[in-house]
Each structure stands twice: as structure tokens, then as C-alpha cells.
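Structure data follow from my_file-v4.pdb (PDB, C-alpha atoms):
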```
ATOM      1  CA  MET A   2      38.378   2.297 -55.792
ATOM      2  CA  SER A   3      36.273  -0.813 -56.550
ATOM      3  CA  ASP A   4      33.970  -0.124 -53.603
ATOM      4  CA  ALA A   5      33.486   3.491 -54.692
ATOM      5  CA  TYR A   6      32.591   2.290 -58.203
ATOM      6  CA  LEU A   7      30.007  -0.204 -56.910
ATOM      7  CA  GLN A   8      28.527   2.326 -54.478
ATOM      8  CA  GLY A   9      28.187   4.750 -57.374
ATOM      9  CA  ILE A  10      26.268   2.142 -59.361
ATOM     10  CA  LEU A  11      23.981   1.495 -56.368
ATOM     11  CA  ALA A  12      23.327   5.228 -55.983
ATOM     12  CA  ARG A  13      22.478   5.569 -59.669
ATOM     13  CA  GLU A  14      20.111   2.583 -59.503
ATOM     14  CA  ALA A  15      18.429   3.598 -56.223
ATOM     15  CA  VAL A  16      14.637   3.244 -56.097
ATOM     16  CA  ASP A  17      12.439   5.470 -53.943
ATOM     17  CA  THR A  18      10.213   3.063 -52.003
ATOM     18  CA  GLY A  19       8.828   5.640 -49.567
ATOM     19  CA  LEU A  20       5.121   6.240 -49.087
ATOM     20  CA  SER A  21       5.301   9.288 -51.361
ATOM     21  CA  SER A  22       7.261   7.449 -54.068
ATOM     22  CA  PRO A  23       5.916   8.321 -57.554
ATOM     23  CA  VAL A  24       5.868   4.647 -58.510
ATOM     24  CA  ARG A  25       3.268   3.977 -55.795
ATOM     25  CA  GLY A  26       0.901   6.082 -57.881
ATOM     26  CA  VAL A  27       0.784   3.130 -60.275
ATOM     27  CA  GLN A  28      -1.291   1.181 -57.750
ATOM     28  CA  ALA A  29      -3.845   3.990 -57.498
ATOM     29  CA  ALA A  30      -4.011   4.235 -61.285
ATOM     30  CA  LEU A  31      -4.660   0.500 -61.630
ATOM     31  CA  MET A  32      -7.171   0.073 -58.800
ATOM     32  CA  PRO A  33     -10.274   0.848 -60.913
ATOM     33  CA  VAL A  34      -9.196  -1.770 -63.465
ATOM     34  CA  ILE A  35      -8.317  -4.403 -60.836
ATOM     35  CA  SER A  36     -11.489  -3.729 -58.838
ATOM     36  CA  GLY A  37     -13.614  -3.929 -61.960
ATOM     37  CA  TRP A  38     -12.039  -7.246 -62.888
ATOM     38  CA  ALA A  39     -12.066  -8.862 -59.420
ATOM     39  CA  GLY A  40     -15.317  -7.447 -58.067
ATOM     40  CA  ASN A  41     -16.209  -8.487 -54.533
ATOM     41  CA  LYS A  42     -13.547 -11.246 -54.564
ATOM     42  CA  LEU A  43     -10.717  -8.714 -54.210
ATOM     43  CA  LEU A  44      -9.099  -8.811 -50.774
ATOM     44  CA  SER A  45      -6.072  -6.563 -51.247
ATOM     45  CA  VAL A  46      -3.418  -5.205 -53.602
ATOM     46  CA  ASN A  47       0.041  -4.698 -52.133
ATOM     47  CA  PRO A  48       3.575  -4.014 -53.373
ATOM     48  CA  SER A  49       5.639  -7.197 -53.384
ATOM     49  CA  GLY A  50       8.764  -8.474 -55.082
ATOM     50  CA  SER A  51      11.973  -6.452 -55.200
ATOM     51  CA  PHE A  52      10.237  -3.157 -54.378
ATOM     52  CA  ALA A  53       9.000  -4.534 -51.042
ATOM     53  CA  LYS A  54      12.245  -6.403 -50.299
ATOM     54  CA  GLY A  55      14.593  -3.464 -50.841
ATOM     55  CA  THR A  56      16.357  -5.200 -53.736
ATOM     56  CA  ALA A  57      14.938  -3.188 -56.656
ATOM     57  CA  ASN A  58      17.039  -1.368 -59.224
ATOM     58  CA  HIS A  59      15.908   1.667 -61.180
ATOM     59  CA  SER A  60      16.583  -0.080 -64.491
ATOM     60  CA  GLY A  61      14.594  -3.193 -63.505
ATOM     61  CA  THR A  62      10.889  -3.756 -62.990
ATOM     62  CA  ASP A  63       9.631  -0.706 -61.119
ATOM     63  CA  ILE A  64       7.036  -2.414 -58.935
ATOM     64  CA  ASP A  65       5.334  -5.775 -58.401
ATOM     65  CA  LEU A  66       1.721  -5.722 -57.227
ATOM     66  CA  PHE A  67       0.387  -8.822 -55.502
ATOM     67  CA  ILE A  68      -3.356  -9.166 -56.053
ATOM     68  CA  SER A  69      -5.043 -11.239 -53.356
ATOM     69  CA  LEU A  70      -8.388 -12.802 -54.252
ATOM     70  CA  SER A  71     -10.770 -14.546 -51.883
ATOM     71  CA  GLU A  72     -10.708 -18.311 -51.495
ATOM     72  CA  ASP A  73     -14.347 -18.144 -52.612
ATOM     73  CA  THR A  74     -13.301 -17.120 -56.134
ATOM     74  CA  ALA A  75     -14.930 -19.681 -58.452
ATOM     75  CA  GLU A  76     -12.460 -19.494 -61.353
ATOM     76  CA  THR A  77      -9.384 -21.715 -61.564
ATOM     77  CA  LEU A  78      -5.949 -20.134 -61.148
ATOM     78  CA  GLN A  79      -5.322 -20.366 -64.877
ATOM     79  CA  GLN A  80      -8.683 -18.705 -65.585
ATOM     80  CA  ILE A  81      -7.894 -15.942 -63.083
ATOM     81  CA  TYR A  82      -4.563 -15.293 -64.827
ATOM     82  CA  GLU A  83      -6.051 -15.287 -68.325
ATOM     83  CA  LEU A  84      -9.067 -13.175 -67.366
ATOM     84  CA  LEU A  85      -6.761 -10.520 -65.897
ATOM     85  CA  PHE A  86      -4.697 -10.596 -69.105
ATOM     86  CA  LYS A  87      -7.898 -10.164 -71.151
ATOM     87  CA  LYS A  88      -9.096  -7.286 -68.947
ATOM     88  CA  LEU A  89      -5.780  -5.436 -69.235
ATOM     89  CA  THR A  90      -5.884  -5.813 -73.014
ATOM     90  CA  ALA A  91      -9.489  -4.587 -73.158
ATOM     91  CA  VAL A  92      -8.715  -1.351 -71.312
ATOM     92  CA  GLY A  93      -5.801  -0.490 -73.590
ATOM     93  CA  TYR A  94      -2.662  -1.921 -71.973
ATOM     94  CA  ALA A  95      -0.254  -4.205 -73.859
ATOM     95  CA  PRO A  96       0.208  -7.019 -71.316
ATOM     96  CA  LYS A  97       2.993  -9.609 -71.559
ATOM     97  CA  ARG A  98       2.625 -13.060 -70.040
ATOM     98  CA  GLN A  99       5.430 -14.094 -67.672
ATOM     99  CA  ASN A 100       5.662 -17.142 -65.412
ATOM    100  CA  VAL A 101       3.499 -16.101 -62.446
ATOM    101  CA  SER A 102       2.976 -12.448 -63.361
ATOM    102  CA  ILE A 103       1.639 -10.233 -66.127
ATOM    103  CA  ASN A 104       3.828  -7.294 -67.151
ATOM    104  CA  ILE A 105       2.448  -3.917 -68.271
ATOM    105  CA  ARG A 106       3.652  -0.333 -68.626
ATOM    106  CA  VAL A 107       1.756   2.245 -66.570
ATOM    107  CA  ASN A 108       2.591   5.948 -66.771
ATOM    108  CA  GLY A 109       6.123   5.090 -67.872
ATOM    109  CA  TYR A 110       6.657   2.478 -65.152
ATOM    110  CA  ASP A 111       7.284  -1.238 -65.609
ATOM    111  CA  VAL A 112       4.724  -3.175 -63.527
ATOM    112  CA  ASP A 113       4.365  -6.904 -62.771
ATOM    113  CA  LEU A 114       0.896  -7.978 -61.599
ATOM    114  CA  VAL A 115       0.719 -11.254 -59.652
ATOM    115  CA  PRO A 116      -2.849 -12.561 -59.261
ATOM    116  CA  ALA A 117      -3.303 -15.158 -56.496
ATOM    117  CA  LYS A 118      -6.063 -16.862 -54.534
ATOM    118  CA  ARG A 119      -5.891 -16.958 -50.742
ATOM    119  CA  GLN A 120      -6.006 -20.515 -49.412
ATOM    120  CA  ASN A 121      -8.054 -19.719 -46.320
ATOM    121  CA  SER A 122      -8.881 -16.877 -43.949
ATOM    122  CA  LEU A 123      -6.591 -18.184 -41.199
ATOM    123  CA  SER A 124      -3.273 -17.475 -42.942
ATOM    124  CA  SER A 125      -1.695 -15.376 -45.680
ATOM    125  CA  ASP A 126      -0.820 -18.441 -47.785
ATOM    126  CA  HIS A 127      -1.886 -18.087 -51.413
ATOM    127  CA  SER A 128      -2.111 -20.280 -54.496
ATOM    128  CA  LEU A 129      -0.859 -18.871 -57.774
ATOM    129  CA  TYR A 130      -0.647 -20.065 -61.359
ATOM    130  CA  ARG A 131       2.725 -21.076 -62.813
ATOM    131  CA  ARG A 132       2.318 -20.670 -66.540
ATOM    132  CA  ARG A 133       5.543 -22.330 -67.728
ATOM    133  CA  ALA A 134       4.752 -25.586 -65.952
ATOM    134  CA  ASN A 135       0.973 -25.181 -66.356
ATOM    135  CA  THR A 136       0.504 -25.910 -62.672
ATOM    136  CA  TRP A 137       0.006 -24.037 -59.419
ATOM    137  CA  THR A 138       2.071 -23.447 -56.307
ATOM    138  CA  LYS A 139       1.543 -22.308 -52.760
ATOM    139  CA  THR A 140       3.341 -19.145 -51.735
ATOM    140  CA  ASN A 141       3.448 -16.558 -48.989
ATOM    141  CA  VAL A 142       4.663 -13.150 -50.079
ATOM    142  CA  GLN A 143       5.070 -11.921 -46.495
ATOM    143  CA  THR A 144       7.393 -14.854 -45.734
ATOM    144  CA  HIS A 145       9.484 -14.041 -48.821
ATOM    145  CA  ILE A 146       9.764 -10.375 -47.860
ATOM    146  CA  ALA A 147      10.684 -11.236 -44.254
ATOM    147  CA  THR A 148      13.302 -13.776 -45.401
ATOM    148  CA  VAL A 149      15.095 -11.274 -47.622
ATOM    149  CA  TRP A 150      15.037  -8.479 -45.028
ATOM    150  CA  ALA A 151      16.343 -10.893 -42.377
ATOM    151  CA  GLY A 152      19.184 -11.852 -44.733
ATOM    152  CA  GLY A 153      20.255  -8.213 -44.889
ATOM    153  CA  ARG A 154      22.011  -8.489 -48.259
ATOM    154  CA  GLN A 155      20.125  -5.845 -50.218
ATOM    155  CA  GLN A 156      23.178  -4.136 -51.748
ATOM    156  CA  GLU A 157      24.800  -7.359 -52.908
ATOM    157  CA  SER A 158      21.478  -8.657 -54.290
ATOM    158  CA  ARG A 159      20.929  -5.441 -56.229
ATOM    159  CA  LEU A 160      24.357  -5.654 -57.849
ATOM    160  CA  ILE A 161      23.968  -9.332 -58.783
ATOM    161  CA  LYS A 162      20.513  -8.569 -60.229
ATOM    162  CA  LEU A 163      21.913  -5.687 -62.260
ATOM    163  CA  TRP A 164      24.677  -7.962 -63.553
ATOM    164  CA  ARG A 165      22.033 -10.599 -64.410
ATOM    165  CA  ASP A 166      19.995  -8.049 -66.367
ATOM    166  CA  GLN A 167      22.966  -6.576 -68.220
ATOM    167  CA  LYS A 168      24.231 -10.036 -69.195
ATOM    168  CA  GLY A 169      20.760 -11.281 -70.192
ATOM    169  CA  LEU A 170      20.756 -14.197 -67.747
ATOM    170  CA  ASP A 171      17.591 -16.089 -66.834
ATOM    171  CA  PHE A 172      17.820 -16.011 -63.033
ATOM    172  CA  PRO A 173      14.554 -15.333 -61.106
ATOM    173  CA  SER A 174      14.832 -12.568 -58.522
ATOM    174  CA  PHE A 175      13.907 -14.572 -55.421
ATOM    175  CA  TYR A 176      16.378 -17.271 -56.504
ATOM    176  CA  VAL A 177      19.063 -14.545 -56.776
ATOM    177  CA  GLU A 178      18.232 -13.202 -53.304
ATOM    178  CA  LEU A 179      18.365 -16.654 -51.681
ATOM    179  CA  ALA A 180      21.638 -17.481 -53.438
ATOM    180  CA  VAL A 181      23.260 -14.207 -52.313
ATOM    181  CA  ILE A 182      22.169 -14.780 -48.698
ATOM    182  CA  GLU A 183      23.560 -18.316 -48.825
ATOM    183  CA  ALA A 184      26.815 -17.222 -50.472
ATOM    184  CA  LEU A 185      27.460 -14.760 -47.631
ATOM    185  CA  ARG A 186      25.998 -16.776 -44.769
ATOM    186  CA  ASN A 187      29.261 -17.540 -42.964
ATOM    187  CA  THR A 188      31.445 -14.803 -44.396
ATOM    188  CA  ASN A 189      32.803 -11.719 -42.706
ATOM    189  CA  HIS A 190      34.134  -9.686 -45.624
ATOM    190  CA  ALA A 191      34.757  -6.070 -44.723
ATOM    191  CA  THR A 192      34.142  -4.453 -48.098
ATOM    192  CA  LEU A 193      31.276  -4.482 -50.580
ATOM    193  CA  SER A 194      33.542  -5.577 -53.440
ATOM    194  CA  GLU A 195      34.795  -8.547 -51.395
ATOM    195  CA  ARG A 196      31.212  -9.595 -50.667
ATOM    196  CA  VAL A 197      30.166  -9.322 -54.315
ATOM    197  CA  LEU A 198      33.232 -11.337 -55.325
ATOM    198  CA  ALA A 199      32.223 -14.016 -52.791
ATOM    199  CA  CYS A 200      28.778 -14.113 -54.419
ATOM    200  CA  LEU A 201      30.285 -14.562 -57.868
ATOM    201  CA  ILE A 202      32.565 -17.358 -56.627
ATOM    202  CA  TYR A 203      29.527 -19.068 -55.103
ATOM    203  CA  LEU A 204      27.587 -18.751 -58.379
ATOM    204  CA  ARG A 205      30.537 -20.148 -60.319
ATOM    205  CA  ASP A 206      31.319 -23.072 -58.030
ATOM    206  CA  ARG A 207      28.176 -23.967 -56.112
ATOM    207  CA  LEU A 208      25.040 -22.733 -57.877
ATOM    208  CA  PRO A 209      24.795 -25.531 -60.478
ATOM    209  CA  ASN A 210      24.316 -28.142 -57.731
ATOM    210  CA  ALA A 211      22.794 -26.037 -54.951
ATOM    211  CA  ARG A 212      19.203 -26.735 -53.877
ATOM    212  CA  PHE A 213      16.982 -23.851 -52.807
ATOM    213  CA  VAL A 214      13.590 -24.444 -51.247
ATOM    214  CA  ASP A 215      10.822 -21.869 -50.933
ATOM    215  CA  PRO A 216      10.721 -20.849 -47.231
ATOM    216  CA  ALA A 217       6.939 -20.553 -47.582
ATOM    217  CA  ASN A 218       6.469 -23.973 -49.193
ATOM    218  CA  THR A 219       8.929 -26.845 -48.838
ATOM    219  CA  ASN A 220       7.334 -28.596 -51.840
ATOM    220  CA  ASN A 221       8.354 -25.709 -54.091
ATOM    221  CA  VAL A 222      12.013 -26.151 -55.021
ATOM    222  CA  ILE A 223      13.086 -22.724 -56.295
ATOM    223  CA  SER A 224      16.234 -24.119 -57.913
ATOM    224  CA  ASP A 225      14.083 -26.363 -60.144
ATOM    225  CA  ASP A 226      12.897 -23.223 -61.959
ATOM    226  CA  LEU A 227      16.086 -23.299 -64.038
ATOM    227  CA  THR A 228      17.447 -26.108 -66.176
ATOM    228  CA  ALA A 229      20.965 -27.471 -65.709
ATOM    229  CA  ALA A 230      21.999 -25.598 -68.860
ATOM    230  CA  GLU A 231      20.602 -22.296 -67.540
ATOM    231  CA  LYS A 232      22.463 -22.745 -64.240
ATOM    232  CA  GLN A 233      25.642 -23.551 -66.148
ATOM    233  CA  ARG A 234      25.251 -20.334 -68.117
ATOM    234  CA  ILE A 235      25.085 -18.340 -64.852
ATOM    235  CA  SER A 236      28.156 -20.207 -63.571
ATOM    236  CA  ALA A 237      30.105 -19.444 -66.749
ATOM    237  CA  ALA A 238      29.084 -15.769 -66.668
ATOM    238  CA  ALA A 239      30.206 -15.566 -63.020
ATOM    239  CA  ALA A 240      33.584 -17.062 -63.960
ATOM    240  CA  GLN A 241      33.961 -14.438 -66.679
ATOM    241  CA  ALA A 242      33.037 -11.656 -64.220
ATOM    242  CA  ILE A 243      35.599 -12.876 -61.678
ATOM    243  CA  ASN A 244      38.321 -12.675 -64.322
ATOM    244  CA  GLY A 245      37.258  -9.238 -65.541
ATOM    245  CA  THR A 246      37.124  -5.713 -64.142
ATOM    246  CA  TRP A 247      34.343  -4.170 -62.072
ATOM    247  CA  GLY A 248      33.513  -1.994 -65.075
ATOM    248  CA  GLN A 249      32.911  -5.167 -67.060
ATOM    249  CA  PHE A 250      30.848  -6.688 -64.233
ATOM    250  CA  VAL A 251      28.229  -3.915 -64.222
ATOM    251  CA  LYS A 252      27.962  -0.635 -66.051
TER     252      LYS A 252
END
```
Structure re-expressed in C-alpha cells:
Amino acid sequence: MSDAYLQGILAREAVDTGLSSPVRGVQAALMPVISGWAGNKLLSVNPSGSFAKGTANHSGTDIDLFISLSEDTAETLQQIYELLFKKLTAVGYAPKRQNVSINIRVNGYDVDLVPAKRQNSLSSDHSLYRRRANTWTKTNVQTHIATVWAGGRQQESRLIKLWRDQKGLDFPSFYVELAVIEALRNTNHATLSERVLACLIYLRDRLPNARFVDPANTNNVISDDLTAAEKQRISAAAAQAINGTWGQFVK
């Protein structure tokens, strides 16, 4: 019964990521704006985040677009971020600043734009602005996508993300995905509900002291993105979920 309930939630929250997916039309709609802003420094625009990793939910952000700029771009990372924000405002969007992305609504879809500067032409490593810390970090979106697909825990990640959203928890998506993969690393649970329960037990017991490092940059400690109090809030919410029903876990 519990597995059927969770599978029903997953079916309801399914996102079409195929080449003909309507949400991909967002990229085409935004290209004139992005091209006009970036000019000849634009290298590429590609889906990233949950959409590209197979961990997106219908009620979450619809698509993340990673904007790759040339290493020859003269502006600083902060200037790049703010100039994109200004451009989006000028053409009529209502952008919202997030940590490394800018959120807008396009044709009814929720879109996160992530502007970044390629480090050099020999790799796909990029530098991006981290607004909350007013600093920058190195990242590699392809490494992140490959890590999550290799982990193979899309269903469990989607349910934990949905729970996070419904409970209003501050828990960055890539952090969620890494934690779910770690929670299930040496487990062999037969059912989906058993695997989700194992994730919740991990979040309750281990998350507050667990250290997660960016697989694309060992100097970027993902688990430092949350304070001890924020991690404790996730732990407490997980404890509450464990003691409740599946209907209370996610709706």
C-alpha cells in the first residue's frame, strides 16, 4: 500500500524531459534575450539541474538553464550576474535573485538561469558567482549530472525533494541528491518505501555531521551551504516524518 501511494505521487509529479517537452520551449523563448545580453561571449545554453539529472518534480522548478560564457568575458562574476538580472528586468521579466541562479517565470514555467564563465577551453570547468557568500566557486555541471545518474536514485531523490518543498526546508537540490545516494550506498532494500525510510533515517541521524564535497571541486564543501541550525531542522523534520504516515510525509 505504501509503495503504491509513493508511486502515485511520483506519477503525478512526473516531468517530461524529452526533446519535444514543452518546457524546452523556454530555452528557445529566452535565447534572443540571452544572446543580446552575452553577445559574442556566449558559448552555450544547456538544461542543467534537476531537469537534466532526472530528479525534477512537476511542482518544483521546471528547468534550470546553464549559461556558459567565454573565459575572455571581461566582467567579474558578480557583474555578469547583476547585468543578467538587469537585462531580464529591462525586457519585462520579474527576476528573483537566488544563490547562484536568477529565477524567472517564462510562459507559465519556473526557470532558474545560472550564468557562469568557462575557466579555459581545455575543460568544461566553470566559475560562478555565489551571492550569499559574495564569492565564487568552481563547478562542472557535466560532472554533477553524471554523478547523480551514476547514483541511480532518481525516485528517492524526487520524493525527498518533494518532502523538502512541502515542509519548507532549506536543503539545496544537489545536497539532497548526494545525501540520498550516500544514505542508500550500501543498502539492498527491496521496496521504494523501505528505501525512502532509509533516507529519512539517514537525514535524522547522520546529516547534521555528514560532510559532502563537490565531486567537481574538492574545495567546495556542499554541506557548508547550510548552518548547523538548518541541518538540525532537516533532522527534526525527518524524525517527524519517520513517526508519521506516508500521507503526512508527502501529499
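Comparing the minimum interatomic distances between Gly61 in chain A and each of A:Ile103, A:Ala95, A:Cys200, A:Val112, counting all atoms listed in the file, we find that A:Val112 sits nearest.
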**Request:** Kindly extract all protein, DNA and RNA residues lying within 6 Å of the coordinates (-1.7, -5.2, -54.1) given in the file, considering all atoms listed in the file, and supply them as a list in words.
**Result:**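 Output: Ser45, Val46, Asn47, Pro48, Leu66, Phe67 and Ile68 of chain A.
The set of residues that the PyMOL selection byres ((chain A and resi 251) around 9) takes from this file is Leu7, Ile10, Leu160, Ile161, Leu163, Trp164, Gln167, Lys168, Trp247, Gly248, Gln249, Phe250 and Lys252 of chain A.
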**OP:** Pull out every residue that the PyMOL selection byres ((chain A and resi 18-21) around 12) matches in the shown coordinates and put them as a ChimeraX atom specification.
**Re:** /A:15-17,22-28,48-49,51-59,63-65
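Residue nearest Arg132 in chain A within the list A:Asp226, A:Ser60, A:Leu44, A:Ile182: A:Asp226 [criterion: smallest interatomic distance, all atoms listed in the file].
The residue that comes closest to Leu11 in chain A, out of A:Ile243, A:Ile235, A:Leu193, A:Val92 and on the basis of all atoms listed in the file, is A:Leu193.
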With all atoms listed in the file as the atoms that count, which of A:Gln80, A:Asn218, A:Ser236, A:Thr140 lies nearest to Arg165 in chain A?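 Smallest separation from Arg165 in chain A among the options: A:Ser236.
The residues returned by the PyMOL selection byres ((chain A and resi 173-177) around 9) on the shown structure are Gly50, Ser51, Thr56, His145, Val149, Ser158, Ile161, Lys162, Asp171, Phe172, Glu178, Leu179, Ala180, Val181, Ile182, Phe213, Ile223, Ser224, Asp226 and Leu227 of chain A.
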Long-range neighbours of Ser71 in chain A as a ChimeraX atom specification, 10 Å cut-off, only C-alpha atoms, 2 positions minimum in chain | /A:39,41-45,69,73-75,117-122,127
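Straight-line separation from CA of Leu89 in chain A to CA of Arg106 in chain A: 10.7 Å.
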Regenerate range 211-226 of chain A at the level of N, CA and C atoms and dump it as a short mmCIF file (atom, residue, chain, number, x, y, z; two decimals), in the frame of the given file.
```
data_model
loop_
_atom_site.label_atom_id
_atom_site.label_comp_id
_atom_site.auth_asym_id
_atom_site.auth_seq_id
_atom_site.Cartn_x
_atom_site.Cartn_y
_atom_site.Cartn_z
N ALA A 211 23.43 -26.48 -56.20
CA ALA A 211 22.79 -26.04 -54.95
C ALA A 211 21.27 -26.17 -55.05
N ARG A 212 20.66 -26.56 -53.93
CA ARG A 212 19.20 -26.74 -53.88
C ARG A 212 18.60 -25.64 -53.00
N PHE A 213 17.65 -24.91 -53.55
CA PHE A 213 16.98 -23.85 -52.81
C PHE A 213 15.49 -24.14 -52.72
N VAL A 214 15.00 -24.13 -51.49
CA VAL A 214 13.59 -24.44 -51.25
C VAL A 214 12.87 -23.17 -50.82
N ASP A 215 11.66 -23.00 -51.30
CA ASP A 215 10.82 -21.87 -50.93
C ASP A 215 10.57 -21.90 -49.43
N PRO A 216 10.95 -20.85 -48.68
CA PRO A 216 10.72 -20.85 -47.23
C PRO A 216 9.24 -20.86 -46.87
N ALA A 217 8.38 -20.55 -47.84
CA ALA A 217 6.94 -20.55 -47.58
C ALA A 217 6.27 -21.85 -48.02
N ASN A 218 7.05 -22.74 -48.67
CA ASN A 218 6.47 -23.97 -49.19
C ASN A 218 7.59 -24.95 -49.53
N THR A 219 7.81 -25.91 -48.66
CA THR A 219 8.93 -26.84 -48.84
C THR A 219 8.76 -27.74 -50.07
N ASN A 220 7.55 -27.81 -50.63
CA ASN A 220 7.33 -28.60 -51.84
C ASN A 220 7.72 -27.84 -53.10
N ASN A 221 7.97 -26.54 -52.95
CA ASN A 221 8.35 -25.71 -54.09
C ASN A 221 9.87 -25.52 -54.08
N VAL A 222 10.55 -26.24 -54.95
CA VAL A 222 12.01 -26.15 -55.02
C VAL A 222 12.37 -25.06 -56.02
N ILE A 223 12.79 -23.91 -55.48
CA ILE A 223 13.09 -22.72 -56.30
C ILE A 223 14.14 -23.03 -57.36
N SER A 224 15.14 -23.83 -56.98
CA SER A 224 16.23 -24.12 -57.91
C SER A 224 15.79 -24.99 -59.09
N ASP A 225 14.60 -25.59 -59.01
CA ASP A 225 14.08 -26.36 -60.14
C ASP A 225 13.52 -25.47 -61.24
N ASP A 226 13.43 -24.15 -60.96
CA ASP A 226 12.90 -23.22 -61.96
C ASP A 226 13.84 -23.03 -63.13
#
```
